[in-house]
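K.L.:
Take this structure, written in structure tokens, and hold onto it; I'll ask about it next.
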Amino acid sequence: MSKHSAPANPSRRQFMLTATLASGALLVGCATSSKPVATYVPGSDDKLVSEAQLNAYIRIDRNGKVYVAIARSEMGQGVHTSLPLLVAEELGCRWEDVTIEDAPIDGEFANLVAASLMLPFRPDDKGVLVSMGRWSTDNFARMMKLIMTGGSTSVRGAWLPMRSAGATARELMKQAAANRWGLAVAGLSVADGKVVAPDGRTLAFAELLDDAVKLTPPSEVALKQPGQFKLLGKSMPRKDLPAKVQGKAVYGIDVQLPNMLVATLRMNPELGGKLGSFDASAASKAPGVHKVLELPALNGATAGVAVIADSYWQAKTAVESIDIKWQSGPLANIDNAAMYAYLQKELNESSGFTYHSAGDSKRDPAQGDKVLRATFRAPLLAHATMEPMNTTALVTDDGVEVWSPTQMQGFAAKVAASVAGVSSSQVKLHTTLLGGGFGRRLDVDFIAQAVFLAKQMPGRPVKLIWSREEDTRHDFYRPAAVAEYTAHLDSRGQLQYLALKSASPSIGHQQLNRLGFPAMGPDKTMVEGGYDLPYQVPNMRFAGVNADIGVPVGYWRSVGHSFQAFFLEAWMDELAHAAGRDSAEFRLALLQDQPRYRAVLQLALDKAGYGQPLPAGRAHGIALAESFGSIVAQVAEVSLNADKSIRVHRVVSAIDCGFVLQPDTVVQQVEGSVIFGLSAALYGDIEIKKGQVQQSSFNDYQLLKMADTPKIEVHLVPSAEAPGGVGEPGVPPVAPAVANALFRLTGQRLHSLPLRVA
Amino acid sequence: MKLTINGKPVAVRAEPNTPLLWVLRDELGLLGTKFGCGIAACGACTVLVDGEAIRSCVMPVSAIEGKAITTIEGLANETLHPLQRAWLQVQAPQCGYCQSGMLMASAALLQKNANPSDQDIDDNITNICRCGTYPRVRAAIHLAAKNGGGKV
């Protein structure tokens with residue numbers, strides 16, 4: 001894990017590389033502006049000491065091995081394959097020669113696309129405001145070192161920079177070979193890690209390193225066209241899987257270090273509650289126990305007690321034995337009913353922020369119009385990653401070293417420095433594999449706790465592992481929401497007006513507060529999946545009310561889309577029915593100028609056999625949603641069991657995610673998204689009583705299992721457009737597709753999640 | 001206490017009521033077996049005890065003294081187990097965290113039933129995967145069965 005890590009905090013101009021590199025290697029960097037730049041300084045004697053810009057992605061050693069710096073977390077979505085593939089494609093090396101390594105914490109690796117997701121623009125918004133917005137979020141992201149994995153951004157963000165990095169290195173190799181042979185660059189080509197001359201002579205990259213580092217890299221390079229790709233578009237086997245089928249993959253929980261101790265904790269079961277007193281005397285004397293400690297409320301975590309011991313089971317047994325007196329906090333009187341009542345009250349009393357409007361945004365119904373209204377509701381949801389929260393930290397006189405399954409490297413390092421009381425330059429962060437992320441690991445509470453505990457044991461690594469119960473009860477939940485849709489249908493069944501007002505807490509504000517920043521202003525994640533709809537309606541208004549009662553909320557796979565797409569797509573179905581029109585025809589008619597959406601919906605309908613007879617007792621439901629740059633349509637085939645529980649037999653998805661790097665990975669992600677979405681649609685419901693989450697583990701927070709899983713088909717729309725995201729866009733349409741099928745089966749319009757047939 | 005793990009005798013010092021999972025992980029350094037829930041609800045910790053799939057997070061180590069334990073580290077011999085090969089062929093894992101348990105539960109199934117039906121798979125593979133690899137796990141079990149995975 002750490003073997004190939006670049007220094008965590010190299011200075012901008014002095015990028016001294018590790019031993020491997022100092023003995024002769026080549027660094028190529030490229031600016032995220034897609035104009036590659038690199039500098040090299042040859043060293044004394046025959047060794048080369050490299051100096052390059054910090055956005056260096058590529059290192060090549062004398063054996064021809066290519067090391068690609070990765071600044072995104074592998075949490076199952078395949079970035080440890082798709083990102084280096086971008087480099088290898090343009091570089092022209094052998095795929096088996098590519099190895100990945102942690103990128104340093106530097107603004108050059110900031111996630112600019114994720115930062116841009118804060119901007120309240122719709123997919124079709126263009127122009128100067130969008131450019132200015134992007135300029136400011138780009139700068140913000142670089143300045144804050146917003147290195148993170150989320151928002152289905154990894155491939156979208158890497159598409160140009162990492163290909164440019166590969167292409168720059170390729171051009172240097174060609175120039176070096178051209179000089180050696182006395183030939184023109186134009187006639188040379190690259191294949192399998194070698195430069196090839198027109199007469200068939202070859203020079204391996206490894207033989208050209210010394211020459212290449214003396215060259216000035218090109219200021220601009222030509223990237224391949226999709227038709228020229230040799231690796232992209234082919235479904236290369238994922239590099240992370242052989243270790244994963246042999247039990248050899250190293251997740252955060254698997255970090256093993258000499259002299260390491262293991263800790264676990266109990267937090268006040270009441271969210272945000274306080275620690276009163278506790279009696280540590282017996283636990284302190286329990287076998288293997290080193291320390292029993294009060295754990296303060298760090299970065300959004302609830303206060304609690306931790307035990308540090310030789311092993312997890314000793315720590316766990318000891319912490320369970322402690323008699324703890326908890327004290328109530330601000331959420332002591334909050335339960336689900338109070339939370340929904342508060343959301344409803346805020347919805348009624350506030351006009352909210354208007355995220356999008358068109359035509360007469362406060363239209364009065366015309367004579368003969370049908371006026372329709374409905375109130376929708378979505379519950380709190382847990383992330384329930386299979387790997388519970390954990391992090392390992394080592395505090396020494398030199399600083400702090402952290403091994404963490406994090407999605408949030410930049411802030412993880414900042415928080416580690418702050419808790420350890422050292423400067424950022426004294427933090428070394430290693431990202432392990434993640435046993436699921438889904439947004440939970442964008443928060444850094446468990447990292448702060450691990451560093452806090454390690455600080456009490458200087459010189460000894462401490463691995464903090466949460467129990468499943470703590471993980472379930474102390475999540476940052478997908479927000480609950482209450483929303484009202486209004487619509488006017490004219491006498492010809494045409495949709496004349498569509499208005500949404502939705503109340504939910506701002507995740508962005510809460511998370512900024514947890515990281516120590518003030519927060520204000522609109523947060524489009526409250527209404528995304530609604531205000532950015534593709535349908536052409538003459539008069540529209542989409543408003544969001546920030547209503548935060550204090551229950552901790554966080555980013556959850558597909559964020560606002562996870563509930564807004566349910567509200568909108570269930571509502572569109574209802575409108576189609578009220579207009580006496582077919583669900584698909586009604587939507588297609590509102591997508592006259594949206595050929596990509598039409599094509600995706602049509603493909604899903606065709607593949608599912610929409611409109612054709614189904615076995616008795618089954619019905620189709622459809623939904624369409626764009627999120628994170630990709631469009632997904634789904635057709636669900638559903639029946640009802642005798643006990644009125646819901647059986648989903650088949651889900652057909654069509655996705656347009658632009659150019660597809662790894663077709664099989666896209667299929668994998670959509671398959672997984674359908675299952676993730678079904679767990680939420682059918683079961684997901686976190687309940688709070690007296691400020692305490694009532695669910696605790698997989699026995700009472702139910703997730704889909706093999707036997708509940710429908711037949712899932714995924715169809716890709718061929719495209720040469722720039723890639724869209726694929727980790728999340730398959731989630732939003734699932735719930736409405738199932739709900740719409742249930743209406744056809746039962747006549748009941750279900751406006752709340754999870755779906756329950758009366 | 002003496003155990004036989006992946007064919008090798010080992011001595012362990014842990015307290016007798018320590019779950020096998022934590023003996024494997026913290027004392028023996030066999031980290032392929034995962035902690036998911038601690039209440040036998042998810043199956044991430046599945047290992048074989050005398051060929052039966054058990055959830056090691058709730059199995060006191062004292063209860064399996066003298067029995068043959070196989071963990072994910074012992075599933076392959078010289079070459080990968082047919083299930084592991086099938087897993088790679090269909091590219092089953094995503095995050096991969098639950099996959100050791102899925103593989104061990106599937107190995108136990110194939111030992112008893114060399115050609116399981118979909119219904120057999122539904123009944124026996126009750127492990128939880130949050131990434132949603134179920135369709136590929138099912139396909140991989142069928143593929144391994146076709147390739148003689150039950151005979152190993």
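Scheme for the structure tokens: letters A, B, ... for chains in order shown; per-chain residue numbers from 1; ligand numbers from 1 in order shown.
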Let's see if you can do this: from backbone DSSP, list all strand (DSSP E or B) residues in stretch 419-577 of chain A, as a ChimeraX atom specification.
P.N.:
/A:427-431,433,462-465,477-478,481-489,495-504,539-546,553
K.L.:
With only C-alpha atoms as the counted atoms, please give the residues lying no more than 12 Å from A:Ala619, apart from itself and same-chain residues fewer than 3 positions off, as a count of residues only.
P.N.:
33
K.L.:
Could you tell me which residues of chain A sit within 8 Å of chain B when counting only C-alpha atoms, and give me the result as a ChimeraX atom specification?
P.N.:
/A:74-78,237-238,241-242,244-249,251,254,311-313,384-388,433-436,467-469,668,671-676,697-699,703-707,709,711-712
K.L.:
Between A:Ala604, A:Ala393, A:Ile686, A:Leu231, which has the minimum distance to A:Val652 (counting only C-alpha atoms)?
P.N.:
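The shortest atom-to-atom distance to A:Val652 comes from A:Ala604.
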K.L.:
For the atom pair atom CA of A:Arg473 and atom CA of A:Val250, what is the interatomic distance in Å to one decimal place?
P.N.:
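Here the two named atoms are 25.8 Å from each other.
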K.L.:
Using only C-alpha atoms, pick whichever of A:Glu401, A:Glu470, A:Glu728, A:Asp138 has the shortest atom-to-atom distance to A:Ala303.
P.N.:
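Looking at the shortest contact to A:Ala303, the residue is A:Glu470.
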